[in-house]
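**Student:** Dumping the structure here so I can ask a few things about it.
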Amino acid sequence: YRRFKTIYPDGELSPEAREVIMAAERTPEEISSERYVKQYEGLFRMPPFQHQREAIEMMLHYPRLAVLLEQGLGKTFISINTLVLLREMYGPQKTLVVCPNIVFQSWIDEVKKYSDLRVAPYLGEPDMRREQRAAVGEGEWDILLTTFDMLTDRKTSTKRRTCGMSNDELWETWWLMGEKQEFYLNNWLKDELVDEEEARALRGDASKADRLKVLAKIPLNAFPRSAVREAQDAVSNENFFRRLGFDNIIVDEASRCLNPESLRSQAIDVLAARAKRVYLLSGTLCVGRPIDFYMPMHIMDPSILGMKFDRFKQLFCVFSKYNKHQITGYKNLDMLKLYIQPHIIERSRENCLDLPKRTIVRRYYTPTAEMIGILDKIRTCTNISVGKKKLGVELPVVKISRALQVLNGFLYLGEDTEACNSCEHVVECVSAGVKQGGDGCHKKSEVRSNEVYLFKNNPKLSLLEEDLDDSRPEEKIIIWAWYRQDIKTISEMLTKKQIGFVTPEMQDCVRRFNTDDSIRVFLGQTVQGIGITLNAATCTIYYSHGMSLEPRLQSMDRNYRIGQTRPVLVKDYVAKDTVEENVVFLLEHKKDVKEFMQREIRCPECAACPHCQEKGIEYLNKGCVYYEERKNAEMKKVVEL
């Protein structure tokens, strides 16, 4: 009702409608008086904390809710027990749980630990998923557990494929042909679609990859149509989920569904529209970007906002007067709060738990003379030469990325970096750690694969060795690094020193780290630090740093959660008086470097840029359309390159 009166001050609701709305917008304290949790107390295998009780009450009362609890407050525990109570109150429920791949096994373990709910996993290659589909169709289950990657059908390029099918569809078609394989193989030999050597490969004398290479060259009309149609339907994850239908949908780490244009967000949106209850779990749903609330609210219920994305941006975003696509700020946030507040529950760790002390310190190291020389060139030049390669470092965000690489003891070298420097996605890629020409690069076809230049001496790696040597043999340590090259370098060092470690890619890595005394180190990229509990560690080391705030917030709380009883130490490795120190400063003060630098990269997107170049007007100096904005920005702490 308050929201209605704010948007339509002259509008009136009938007394009956007002009574219904006001009854629905009850506070958590009013809802708690119903005491669902107390009524079903005997169903809990472990007594919930007070904030968990409140969250469970809210989830039982509101069928569509965003549970925004800081990391470590037990969102998984809350969700599992809510499902237990829903089953008790309303009978058997079919629930879809979508989570990141790294916490897939943790969900299975915690469901077994806290309930008797039956879990049906859905993850893996087509052969494995075929068996899982059969088990889901024939067996009894309460939770279908899958990952974000499984929600959509992977769009495999059909370039150079005569058959026009993806690998999964092609392999499924070949498998479905069964006893008819030999019949069609003889026809292909007769029509000279395959030769004798390729025929032997298809008869089982070669690996799956080699057989797929042969099958990819065969025209589509040479395969049985019924097998092709059945295969395409069988490997389609989207069709599988849509056919099932769910009573409840739980999206763990809903911050991965912020982009309205992503296939992942759209797939969840379609499934959520048909479910009775939708719960979004996140500790970092909106990190300084109110625009990120749109898609989560739309997934829960389009009527919450009641508008399309373009209208949402017009109502709540401020755009640059020189570029209608560049968001420079936000407005009407009080109104936005009225829209979303009834549909979220927020809790902070400080108000819920009495955790031991956590200390954050900086460990300083001194770069080598070679590193300092290259840092000076990066600061003052638009191009540098390293290892007989020429690298473009014109944009500020690229300068920061290159400087951080140097301080980590390496540089990615590419044949053509100008393509990336002029790309509108450069901030997004640099912040996400996407390599030039690598997976996710928007200019991949224009950029050749990177080589790596390694510095002779790496003082940061020496500092890490020193800390490991000084730590107690029984102490467990988490090491987060931003770049894959860092992971490779640290892995080689740990192997050489015979220090047991696990990475997120290893099977059962969380359990092994928490229980196996021979495993001392958990080593992972910062962006992988989500949803897992590593309370066995009392020390967290940030070996290298990225520019995104969310991975930092997520990864820092992996060992500062419910169940932690010992003081925790966090170490940031920093080179004093360098860009790294300012990046860490911003992250410590919960500022996203990518957002902070946004005003520094507008020039390539500005319509006046060609005019300025023609007139000799320098970037962000008098005459530049962003000169006034620069004067305002100088009032804030800036990153000194």
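Note on naming: chains are A, B, ... as they come in the structure tokens, residues start from 1 per chain, ligands start from 1 in the order shown.
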Can I get the residues of segment 97-214 of chain A within 10 Å of segment 499-522 of chain A, each with the closest pair of atoms and their distance in Å to one decimal, using only C-alpha atoms, sorted chain first then ascending number, as a Markdown table?
**Tutor:**
```
| residue | atom | partner | partner_atom | distance |
| --- | --- | --- | --- | --- |
| A:Asn101 | CA | A:Pro504 | CA | 9.6 |
| A:Ile102 | CA | A:Pro504 | CA | 6.7 |
| A:Val103 | CA | A:Val510 | CA | 9.0 |
| A:Gln105 | CA | A:Asp508 | CA | 7.3 |
| A:Ser106 | CA | A:Val510 | CA | 8.0 |
| A:Asp109 | CA | A:Arg511 | CA | 9.7 |
```
**Student:** Could you write out that same residue set with C-alpha atoms as a PDB file, in the first residue's frame?
**Tutor:**
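Result went into selection-v3.pdb, see below:
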```
ATOM      1  CA  ASN A 101      29.581 -26.268  -9.432  1.00  0.00           C
ATOM      2  CA  ILE A 102      32.024 -25.826  -6.534  1.00  0.00           C
ATOM      3  CA  VAL A 103      29.283 -26.279  -3.890  1.00  0.00           C
ATOM      4  CA  GLN A 105      28.920 -31.814  -3.367  1.00  0.00           C
ATOM      5  CA  SER A 106      28.503 -29.592  -0.298  1.00  0.00           C
ATOM      6  CA  ASP A 109      26.534 -33.578   2.119  1.00  0.00           C
TER       7      ASP A 109
END
```
**Student:** Could you name the residues that touch Ile291 of chain A at 8 Å or less, counting only C-alpha atoms, but leaving out those on the same chain fewer than 3 positions away, as a ChimeraX atom specification?
**Tutor:** /A:294,313,316-317
**Student:** Between atom CA of Pro63 of chain A and atom CA of Pro47 of chain A, measure the distance and give it in Å to one decimal.
**Tutor:** 23.4 Å
**Student:** Which parts of segment 80-278 of chain A does DSSP call strand (DSSP E or B) when run on the backbone here, written out as number ranges by chain?
**Tutor:** A: 95-99, 119-121, 143-147, 248-252, 277-278
**Student:** By how many Å are atom CA of Thr533 of chain A and atom CA of Trp107 of chain A apart?
**Tutor:** 11.3 Å
**Student:** Could you find all residues in segment 535-589 of chain A that DSSP calls helix (DSSP H, G or I) from the backbone, and write them as an MDAnalysis selection string?
**Tutor:** chainID A and resid 549:556 579:588
**Student:** Quick one, how far is atom CA of Asn582 of chain A from atom CA of His545 of chain A?
**Tutor:**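 Computing it gives 10.9 Å between the two atoms.
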**Student:** Excluding Trp175 of chain A and its own-chain neighbours fewer than 3 positions away, which residues fall within 12 Å of it when counting only C-alpha atoms? Please give them as a list in words.
**Tutor:**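 What passes the distance filter is Pro126, Asp127, Arg130, Asp168, Glu169, Leu170, Trp171, Glu172, Gly178, Glu179, Lys180, Gln181, Leu202, Gly204, Lys208, Arg211, Leu212, Leu215, Phe223, Pro224, Ala227, Val228, Glu230, Ala231 and Ala234 of chain A.
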**Student:** Smallest atom-to-atom distance to Asp210 of chain A: which of A:Thr328, A:Ser303, A:Asn167, A:Asn239, using only C-alpha atoms?
**Tutor:** A:Asn167
**Student:** What lies within 12 Å of Pro219 of chain A using only C-alpha atoms, ignoring chain neighbours under 4 positions off, as number ranges by chain?
**Tutor:** A: 160-165, 170, 188, 191-194, 214-215, 223-225
**Student:** Which neighbours of Val318 of chain A fall inside 8 Å, counting only C-alpha atoms, when residues of the same chain fewer than 2 positions from it are skipped, and could you give them as a PyMOL selection string?
**Tutor:** chain A and resi 314+316+320+327-331
**Student:** Which residues come within 8 Å of Tyr412 of chain A, counting only C-alpha atoms, excluding same-chain residues fewer than 5 positions away, as an MDAnalysis selection string?
**Tutor:** chainID A and resid 405 450:453
